[in-house]
Amino acid sequence: MPVTIRSLLERKRRGERFAMLTAYDYTTARILAEAEIPVLLVGDSLGMVMLGYRNTLPVTMEEMLHHARAVARGAPDQLLVGDMPFNSYHASDEQAIANAASFLQAGMHAVKVEGGGRVVPLVAKLIERGIPVMGHLGLTPQFFNLLGGFRVQGREAEVAARIESDARELEAAGAFAVVLEGMPGPLAASVTASLTIPTIGIGAGPGCDGQVLVFHDILGLNRDPLPKFVKVFAPLGDEAVAATRAYAAEVAAGTFPDDAHTYS
Ligand code: KIV
């Protein structure tokens with residue numbers, strides 16, 4: 001059964017927690033579909049994970065769409081969310097609507113935009129045009145220059161209150177879910193309790209309706225130091241290094257290819 005926005009909202013009503021993971025390519029999308037991960041995010045984190053940028057700001061729509069099309073081919077039944085990259089919804093509402101629409105043409109079912117306040121009217125406009133929107137509050141990586149780095153948000157009462165009100169405004173504008181990133185667990189739990197749409201936490205504790213992590217992080221494929229909130233579920237990065245060393249050693253020794261891997 002294809003995962004839909006409606007079925008995600010039903011999960012919240014039933015109190016059923018769910019997982020979201022990033023996917024940037026066809027093979028990963030197939031693995032996540034096989035694992036029955038309901039929501040896949042083609043996150044702008046692909047700029048760092050796949051393209052080696054130091055942050056997400058250089059990522060372009062063209063790069064996002066290239067990866068989005070590959071993911072759509074690999075996971076036809078999951079709910080697919082395309083992350084609007086920096087500068088793709090800044091110039092004007094027209095620019096934002098055109099870019100969001102091209103995500104849907106690339107096979108995504110929804111887009112994600114970072115921030116509260118300023119983006120709330122835009123969220124309403126996207127929804128009016130049939131483009132479902134996921135919000136993203138707290139430690140929003142596209143704002144790291146303003147936030148003074150990748151810092152936990154909402155420890156001060158004023159910032160916490162703004163996150164709470166932004167979340168309610170996003171819901172009122174029609175967003176179908178909101179990512180809560182890098183904030184104290186009790187704040188995320190309180191936002192979650194105040195909304196009828198699901199919250200999806202990352203570094204926001206267990207009180208959210210769903211959780212999201214970067215696929216490469218949970219498999220130890222990311223070789224950079226990982227933040228506290230990431231759990232590595234299988235150290236595949238180390239295994240990949242060992243396996244490729246073993247392959248190179250067999251090639252050097254002349255033991256690969258052997259008879260079993262050679263046409264007679
Ligand atoms: O770009 C991304 O991967 C994200 C999340 C991890 C929420 O925005």
# chains A, B, ... in the order shown; residues from 1 in each chain; ligands from 1
$ select_by_dssp --residues "stretch 23-261 of chain A" --states "helix (DSSP H, G or I)" --output "ChimeraX atom specification"
/A:26-34,46-49,61-74,93-105,119-128,141-147,157-173,185-194,215-218,236-253,259-261
$ residues_near_ligand --ligand "ligand 1" --cutoff "10 Å" --atoms "only C-alpha atoms and all ligand atoms" --output "PyMOL selection string"
chain A and resi 20-24+40-49+56+82-85+112-114+135-137+139-142+178-182+200-203+211-215
$ atom_distance --atom1 "atom CA of A:Thr60" --atom2 "atom CA of A:Ser88"
7.6 Å
$ atom_distance --atom1 "atom CA of A:His66" --atom2 "atom CA of A:Asp25"
9.0 Å
$ atom_distance --atom1 "atom CA of A:Glu10" --atom2 "atom CA of A:Thr28"
26.5 Å
$ select_by_dssp --residues "stretch 8-223 of chain A" --states "strand (DSSP E)" --output "number ranges by chain"
A: 18-22, 39-42, 79-83, 110-112, 133-138, 177-181, 199-202, 210-213
$ closest_residue --among "A:Leu146, A:Cys208, A:Met183, A:Ala100" --to "A:Ala19" --atoms "only C-alpha atoms"
A:Cys208
$ residues_around --residues "A:Gly74" --least-positions-apart "3" --cutoff "10 Å" --atoms "only C-alpha atoms" --output "PyMOL selection string"
chain A and resi 23+25-33+69-71+77-78
$ closest_residue --among "A:Pro225, A:Gly116, A:Pro132, A:Pro184" --to "A:Ala167" --atoms "only C-alpha atoms"
A:Gly116
